[in-house]
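Q: Compact mmCIF, C-alpha atoms, saved as coords-v7.txt, coming up:
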```
# COMPACT_ATOMS: atom_id res chain seq x y z
CA MET A 18 113.57 117.23 170.44
CA ARG A 19 116.14 119.01 168.27
CA VAL A 20 118.00 120.29 171.33
CA ALA A 21 118.06 116.79 172.80
CA LYS A 22 119.50 115.34 169.59
CA ILE A 23 122.21 118.01 169.36
CA THR A 24 123.08 117.57 173.03
CA THR A 25 123.33 113.81 172.62
CA LEU A 26 125.55 114.14 169.56
CA LEU A 27 127.82 116.64 171.31
CA ALA A 28 128.10 114.31 174.30
CA ILE A 29 129.05 111.41 172.04
CA VAL A 30 131.66 113.51 170.22
CA LEU A 31 133.09 114.75 173.50
CA ILE A 32 133.35 111.23 174.96
CA THR A 33 135.03 110.06 171.76
CA LEU A 34 137.53 112.91 171.65
CA VAL A 35 138.48 113.02 175.35
CA PRO A 36 141.02 110.14 175.17
CA PHE A 37 142.73 111.65 172.13
CA LEU A 38 142.76 115.13 173.67
CA LEU A 39 144.38 113.69 176.80
CA VAL A 40 147.05 112.04 174.63
CA VAL A 41 147.73 115.34 172.84
CA MET A 42 147.90 117.17 176.15
CA THR A 43 150.32 114.60 177.58
CA SER A 44 152.53 114.84 174.49
CA LEU A 45 153.03 118.56 175.22
CA LYS A 46 154.24 117.92 178.78
CA THR A 47 157.71 117.24 180.07
CA LYS A 48 158.58 113.77 181.33
CA VAL A 49 158.18 114.87 184.94
CA ASP A 50 154.83 116.60 184.36
CA SER A 51 153.44 113.59 182.48
CA VAL A 52 153.74 111.32 185.53
CA ALA A 53 152.74 113.87 188.14
CA LEU A 54 150.01 112.86 190.61
CA PRO A 55 147.53 114.40 190.72
CA PRO A 56 147.72 115.18 186.98
CA LYS A 57 148.79 118.68 186.00
CA TRP A 58 146.07 120.40 183.98
CA PHE A 59 147.97 123.70 183.77
CA PHE A 60 151.55 123.50 182.51
CA SER A 61 153.99 125.09 180.08
CA PRO A 62 153.61 123.27 176.71
CA THR A 63 156.77 122.01 175.03
CA LEU A 64 157.50 120.51 171.62
CA GLU A 65 160.57 118.71 172.91
CA ASN A 66 158.96 115.29 172.61
CA TYR A 67 157.98 115.85 168.96
CA ILE A 68 161.44 117.16 168.08
CA GLU A 69 162.99 114.09 169.68
CA GLN A 70 160.68 111.73 167.79
CA LEU A 71 161.25 113.37 164.40
CA ALA A 72 165.00 113.34 164.99
CA ASN A 73 164.88 109.62 165.77
CA GLU A 74 166.06 107.80 162.63
CA GLU A 75 164.36 104.52 163.61
CA PHE A 76 161.03 106.26 164.21
CA PHE A 77 161.24 108.12 160.88
CA ARG A 78 162.16 104.93 159.01
CA ALA A 79 159.27 103.03 160.60
CA ALA A 80 156.85 105.81 159.66
CA LEU A 81 158.14 105.71 156.07
CA ASN A 82 157.77 101.92 155.98
CA SER A 83 154.17 102.17 157.21
CA LEU A 84 153.40 104.81 154.59
CA ILE A 85 154.92 102.73 151.76
CA ILE A 86 153.23 99.49 152.81
CA ALA A 87 149.82 101.05 153.53
CA SER A 88 149.81 103.08 150.29
CA ALA A 89 150.94 100.18 148.08
CA THR A 90 148.49 97.77 149.69
CA THR A 91 145.62 100.23 149.33
CA LEU A 92 146.42 100.87 145.67
CA ALA A 93 146.69 97.16 144.82
CA ALA A 94 143.60 96.25 146.85
CA THR A 95 141.56 99.02 145.24
CA ILE A 96 142.40 97.90 141.70
CA ILE A 97 141.66 94.25 142.48
CA ALA A 98 138.49 95.05 144.43
CA VAL A 99 137.05 97.21 141.65
CA PHE A 100 137.28 94.38 139.09
CA ALA A 101 136.29 91.67 141.57
CA GLY A 102 133.32 93.71 142.82
CA TYR A 103 132.21 94.38 139.25
CA ALA A 104 132.43 90.68 138.37
CA LEU A 105 130.39 89.65 141.41
CA ALA A 106 127.77 92.31 140.68
CA ARG A 107 127.36 91.74 136.95
CA TYR A 108 128.16 88.10 136.16
CA ARG A 109 126.29 84.98 137.16
CA PHE A 110 128.13 81.67 137.46
CA ARG A 111 127.85 78.41 139.37
CA GLY A 112 129.03 78.71 142.95
CA GLN A 113 128.89 82.51 142.87
CA GLY A 114 127.38 82.75 146.33
CA VAL A 115 129.96 80.43 147.87
CA PHE A 116 132.75 82.29 146.13
CA ALA A 117 131.45 85.65 147.31
CA TYR A 118 130.96 84.60 150.92
CA SER A 119 134.39 82.98 151.01
CA PHE A 120 135.80 86.51 151.15
CA LEU A 121 133.94 87.09 154.39
CA LEU A 122 135.23 83.83 155.87
CA ILE A 123 138.77 85.25 155.72
CA ARG A 124 137.62 88.15 157.89
CA ALA A 125 136.01 85.73 160.35
CA VAL A 126 139.30 83.95 161.09
CA PRO A 127 141.41 85.55 163.86
CA PRO A 128 144.54 87.15 162.33
CA ILE A 129 146.79 85.30 164.80
CA ALA A 130 145.87 82.05 163.02
CA PHE A 131 147.73 83.20 159.89
CA VAL A 132 150.89 84.47 161.57
CA ILE A 133 152.85 81.18 161.58
CA PRO A 134 151.75 80.09 158.05
CA TYR A 135 152.79 83.46 156.65
CA PHE A 136 156.12 83.28 158.47
CA MET A 137 156.81 79.86 156.93
CA ILE A 138 155.76 81.00 153.45
CA TRP A 139 158.03 84.04 153.50
CA ARG A 140 160.89 81.89 154.79
CA ASP A 141 160.49 79.38 151.97
CA LEU A 142 160.21 82.14 149.34
CA ASP A 143 163.10 84.07 150.89
CA TRP A 144 160.73 87.03 151.30
CA ARG A 145 161.39 87.61 154.97
CA ASP A 146 161.56 91.28 155.93
CA THR A 147 160.53 92.53 152.47
CA TYR A 148 157.92 95.00 151.28
CA GLN A 149 156.31 92.54 148.86
CA ALA A 150 155.69 90.06 151.68
CA MET A 151 153.97 92.69 153.81
CA ILE A 152 151.87 93.97 150.90
CA VAL A 153 150.69 90.50 149.86
CA MET A 154 149.95 89.64 153.49
CA TYR A 155 147.93 92.80 154.07
CA LEU A 156 145.93 92.23 150.90
CA THR A 157 144.24 89.34 152.68
CA LEU A 158 143.08 91.81 155.33
CA ALA A 159 141.97 94.61 153.03
CA LEU A 160 140.42 92.73 150.10
CA PRO A 161 137.43 90.99 151.76
CA LEU A 162 135.90 94.24 153.00
CA MET A 163 136.78 96.19 149.85
CA VAL A 164 135.40 93.55 147.46
CA TRP A 165 132.08 93.43 149.27
CA MET A 166 131.86 97.21 149.38
CA MET A 167 132.61 97.51 145.67
CA ARG A 168 130.09 94.78 144.86
CA SER A 169 127.35 96.64 146.70
CA PHE A 170 128.26 99.91 144.94
CA PHE A 171 128.14 98.33 141.46
CA VAL A 172 124.82 96.59 142.26
CA GLU A 173 123.30 100.03 142.91
CA ILE A 174 124.20 101.21 139.38
CA PRO A 175 121.45 100.16 136.91
CA VAL A 176 122.78 97.77 134.28
CA GLU A 177 120.86 99.78 131.66
CA ILE A 178 123.39 102.62 131.99
CA GLU A 179 126.19 100.25 131.08
CA GLU A 180 124.19 98.76 128.22
CA ALA A 181 123.46 102.25 126.85
CA ALA A 182 127.19 103.01 126.80
CA GLN A 183 127.82 99.77 124.90
CA VAL A 184 125.12 100.65 122.38
CA ASP A 185 126.98 103.91 121.79
CA GLY A 186 130.09 101.93 120.89
CA CYS A 187 131.89 101.39 124.19
CA THR A 188 133.40 98.06 125.08
CA LYS A 189 132.72 96.62 128.54
CA LEU A 190 136.06 97.94 129.75
CA GLN A 191 135.40 101.41 128.30
CA ALA A 192 131.90 101.49 129.78
CA MET A 193 133.35 100.55 133.13
CA ARG A 194 136.08 103.19 132.88
CA HIS A 195 134.00 106.10 131.58
CA VAL A 196 130.57 105.38 133.09
CA LEU A 197 130.62 103.03 136.07
CA ILE A 198 133.81 104.05 137.86
CA PRO A 199 132.96 107.81 137.87
CA ASN A 200 129.58 106.93 139.39
CA VAL A 201 131.06 104.79 142.16
CA MET A 202 134.15 106.95 142.75
CA PRO A 203 132.93 108.03 146.23
CA GLY A 204 132.56 104.37 147.12
CA ILE A 205 136.04 103.59 145.82
CA VAL A 206 137.53 106.41 147.91
CA ALA A 207 135.60 105.25 150.99
CA ALA A 208 136.81 101.67 150.58
CA ALA A 209 140.38 102.85 149.97
CA GLY A 210 140.24 105.04 153.07
CA LEU A 211 139.12 102.17 155.27
CA SER A 212 141.82 99.94 153.77
CA PHE A 213 144.55 102.53 154.39
CA ILE A 214 143.55 103.02 158.02
CA LEU A 215 143.30 99.25 158.58
CA VAL A 216 146.79 98.57 157.23
CA TRP A 217 148.32 101.67 158.83
CA ASN A 218 147.17 100.59 162.30
CA GLU A 219 147.80 96.83 161.93
CA PHE A 220 150.07 95.39 164.61
CA MET A 221 149.80 91.59 164.85
CA TYR A 222 151.16 90.63 161.40
CA ALA A 223 153.81 93.33 161.51
CA LEU A 224 155.08 92.24 164.91
CA PHE A 225 155.96 88.71 163.72
CA ASN A 226 156.79 89.30 160.06
CA THR A 227 158.81 92.50 159.92
CA GLY A 228 162.49 93.09 160.65
CA THR A 229 164.93 95.94 160.55
CA GLU A 230 164.11 96.77 156.92
CA THR A 231 160.30 96.80 157.05
CA GLN A 232 159.44 97.51 160.67
CA THR A 233 156.20 99.51 160.79
CA LEU A 234 155.29 102.36 163.09
CA PRO A 235 153.02 100.43 165.52
CA VAL A 236 155.79 97.88 166.07
CA GLN A 237 158.44 100.57 166.50
CA ILE A 238 156.32 102.35 169.12
CA TYR A 239 155.74 99.06 170.93
CA GLN A 240 159.43 98.18 170.97
CA SER A 241 160.35 101.65 172.23
CA LEU A 242 158.50 100.94 175.49
CA GLY A 243 160.95 100.51 178.33
CA TYR A 244 160.80 98.01 181.19
CA PHE A 245 162.38 100.33 183.74
CA GLU A 246 161.16 103.70 182.51
CA THR A 247 157.74 105.23 181.92
CA ASN A 248 157.91 108.21 179.59
CA TRP A 249 154.25 108.91 178.86
CA ALA A 250 155.06 112.23 177.19
CA LYS A 251 157.35 110.61 174.63
CA TRP A 252 154.94 107.76 173.89
CA SER A 253 152.03 110.17 173.57
CA SER A 254 153.92 112.28 171.01
CA ALA A 255 154.64 109.10 169.04
CA ALA A 256 150.93 108.21 169.12
CA VAL A 257 149.93 111.67 167.88
CA VAL A 258 152.45 111.55 165.02
CA ALA A 259 151.19 108.07 164.09
CA VAL A 260 147.63 109.36 163.83
CA ILE A 261 148.46 112.36 161.62
CA PRO A 262 148.67 110.56 158.19
CA ALA A 263 145.31 108.85 158.70
CA VAL A 264 143.72 112.14 159.81
CA ILE A 265 145.12 113.95 156.77
CA PHE A 266 143.91 111.20 154.42
CA VAL A 267 140.41 111.21 155.88
CA GLY A 268 140.31 115.02 155.92
CA LEU A 269 141.20 115.29 152.24
CA THR A 270 138.68 112.65 151.18
CA GLN A 271 135.96 113.29 153.75
CA ARG A 272 133.22 114.30 151.32
CA PHE A 273 133.88 111.22 149.18
CA ILE A 274 133.97 108.91 152.20
CA VAL A 275 130.69 110.23 153.63
CA ARG A 276 128.94 109.91 150.28
CA GLY A 277 130.51 106.54 149.58
CA LEU A 278 129.48 105.02 152.90
CA SER A 279 125.92 106.24 152.37
CA MET A 280 125.60 104.93 148.80
CA GLY A 281 122.61 102.67 148.54
CA ALA A 282 121.33 103.60 151.98
CA VAL A 283 118.34 105.48 150.59
CA LYS A 284 116.05 104.16 147.89
CA GLY A 285 113.65 106.24 145.90
```
Hey, can you dump this file as structure tokens for me?
A:
Amino acid sequence: MRVAKITTLLAIVLITLVPFLLVVMTSLKTKVDSVALPPKWFFSPTLENYIEQLANEEFFRAALNSLIIASATTLAATIIAVFAGYALARYRFRGQGVFAYSFLLIRAVPPIAFVIPYFMIWRDLDWRDTYQAMIVMYLTLALPLMVWMMRSFFVEIPVEIEEAAQVDGCTKLQAMRHVLIPNVMPGIVAAAGLSFILVWNEFMYALFNTGTETQTLPVQIYQSLGYFETNWAKWSSAAVVAVIPAVIFVGLTQRFIVRGLSMGAVKG
């Protein structure tokens, strides 16, 4: 039974990694080798495609824009979600259920439905092609999931722990800062990680609401596609570079993310 489980897991991992490994392999080929039929499995690797991408000012600027927007959105969403999740977990008020589930309704609406309204709002506010417009827009994507995650994490913390801190002289804010937040820190990191990856990879909003100043990496890669040329090696190197920040973020916070996603999964 143990061998069967390990074999199944290895098969799943292999199936999951094969597409990415093929992209990495293609990124190390020359333009001619990348379109060869049948595919070349043995070739001389080259870093020419990566050097070309990193030397491309537009590509570098788009990567920097994505990093700024994703980081700022994640930071703002995390702060808001922590307080909103705490409020939903600890306070009782009329219409609480409706208010809480309204966050999920935002996630249920297709993102394309908000593209034109956002475009009109940024036009009227003169926020077109600005960082603040992108950050506010992406908050509507990140907050629903983060608020519900934070609510579930705070619900798992017994209220008696918070009350004991208040008996010892802490205010609600101090009890939250010194007692609750350290206990749910893995959950906060997990929620922040999911938010960062979501915003980093987002394409629809960025395609219609960014310009030369705020163009993100997914849009830049899309617009670099040619109609009369197929350079799979160059596009593959761009895809690999685009994945690196998310991989680094997840790698550095892996133990927090795993623990955070499993919080509340086991009772006892």
Q: Excluding same-chain residues fewer than 6 positions from A:Leu45, what lies within 12 Å of it counting only C-alpha atoms, as a ChimeraX atom specification?
A: /A:38-39,51,57-68,249-255,257
Q: When you count all atoms listed in the file, which of these residues is closest to A:Pro175: A:Val49, A:Ala223, A:Val201, A:Leu190?
A: A:Val201
Q: Please measure the separation of atom CA of A:Val216 and atom CA of A:Ala87, giving the value in Å to one decimal.
A: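 Computing the Euclidean distance for atom CA of A:Val216 and atom CA of A:Ala87 yields 5.4 Å.
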Q: Pick from A:Met42, A:Arg140, A:Ile96, A:Arg107: nearest to A:Ser169, with all atoms listed in the file counted?
A: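 That would be A:Arg107, the residue with the smallest distance to A:Ser169.
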Q: Enter the distance from atom CA of A:Arg109 to atom CA of A:Ala159, in Å, rounded to one decimal.
A: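 It comes out at 24.3 Å.
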Q: Of the candidates A:Gln113, A:Gln237, A:Thr270, A:Thr91, which shows the shortest atom-to-atom distance to A:Asn73, using all atoms listed in the file?
A: A:Gln237
Q: With distances taken over all atoms listed in the file, which residue among A:Gly228, A:Gly268, A:Pro161, A:Pro128 lies nearest A:Thr95?
A: A:Pro161
Q: Extract, using all atoms listed in the file, all DNA, RNA and protein residues at most 9 Å from A:Ile86, discarding same-chain residues fewer than 6 positions from it, and format them as a list in words.
A: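 What passes the distance filter is Tyr148, Gln149, Met151, Ile152, Tyr155, Val216, Trp217, Thr231 and Thr233 of chain A.
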Q: Would you please work out which residue, of A:Val132, A:Val264, A:Leu122, A:Val206, is nearest to A:Leu224 when using only C-alpha atoms?
A: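 Nearest candidate to A:Leu224 out of A:Val132, A:Val264, A:Leu122, A:Val206: A:Val132.
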Q: Which value, in Å to one decimal, gives the distance between atom CA of A:Met166 and atom CA of A:Tyr222?
A: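 Spanning atom CA of A:Met166 to atom CA of A:Tyr222 is a straight-line distance of 23.7 Å.
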Q: Point out the residue among A:Ala181, A:Leu242, A:Val20, A:Ile85 with the least atom-to-atom distance to A:Thr147, counting only C-alpha atoms.
A: A:Ile85
Q: Extract, using all atoms listed in the file, all DNA, RNA and protein residues at most 9 Å from A:Asn218, discarding same-chain residues fewer than 2 positions from it, and format them as a list in words.
A: Ser83, Phe213, Ile214, Leu215, Val216, Phe220, Leu234, Pro235, Ala259 and Val260 of chain A
Q: Keeping C-alpha atoms for every residue in the selection just given, could you write it to a file as a CSV table (one decimal), keeping the file's coordinate frame?
A:
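So again.csv came out as:
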```
chain,number,residue,atom,x,y,z
A,83,SER,CA,154.2,102.2,157.2
A,213,PHE,CA,144.6,102.5,154.4
A,214,ILE,CA,143.6,103.0,158.0
A,215,LEU,CA,143.3,99.2,158.6
A,216,VAL,CA,146.8,98.6,157.2
A,220,PHE,CA,150.1,95.4,164.6
A,234,LEU,CA,155.3,102.4,163.1
A,235,PRO,CA,153.0,100.4,165.5
A,259,ALA,CA,151.2,108.1,164.1
A,260,VAL,CA,147.6,109.4,163.8
```
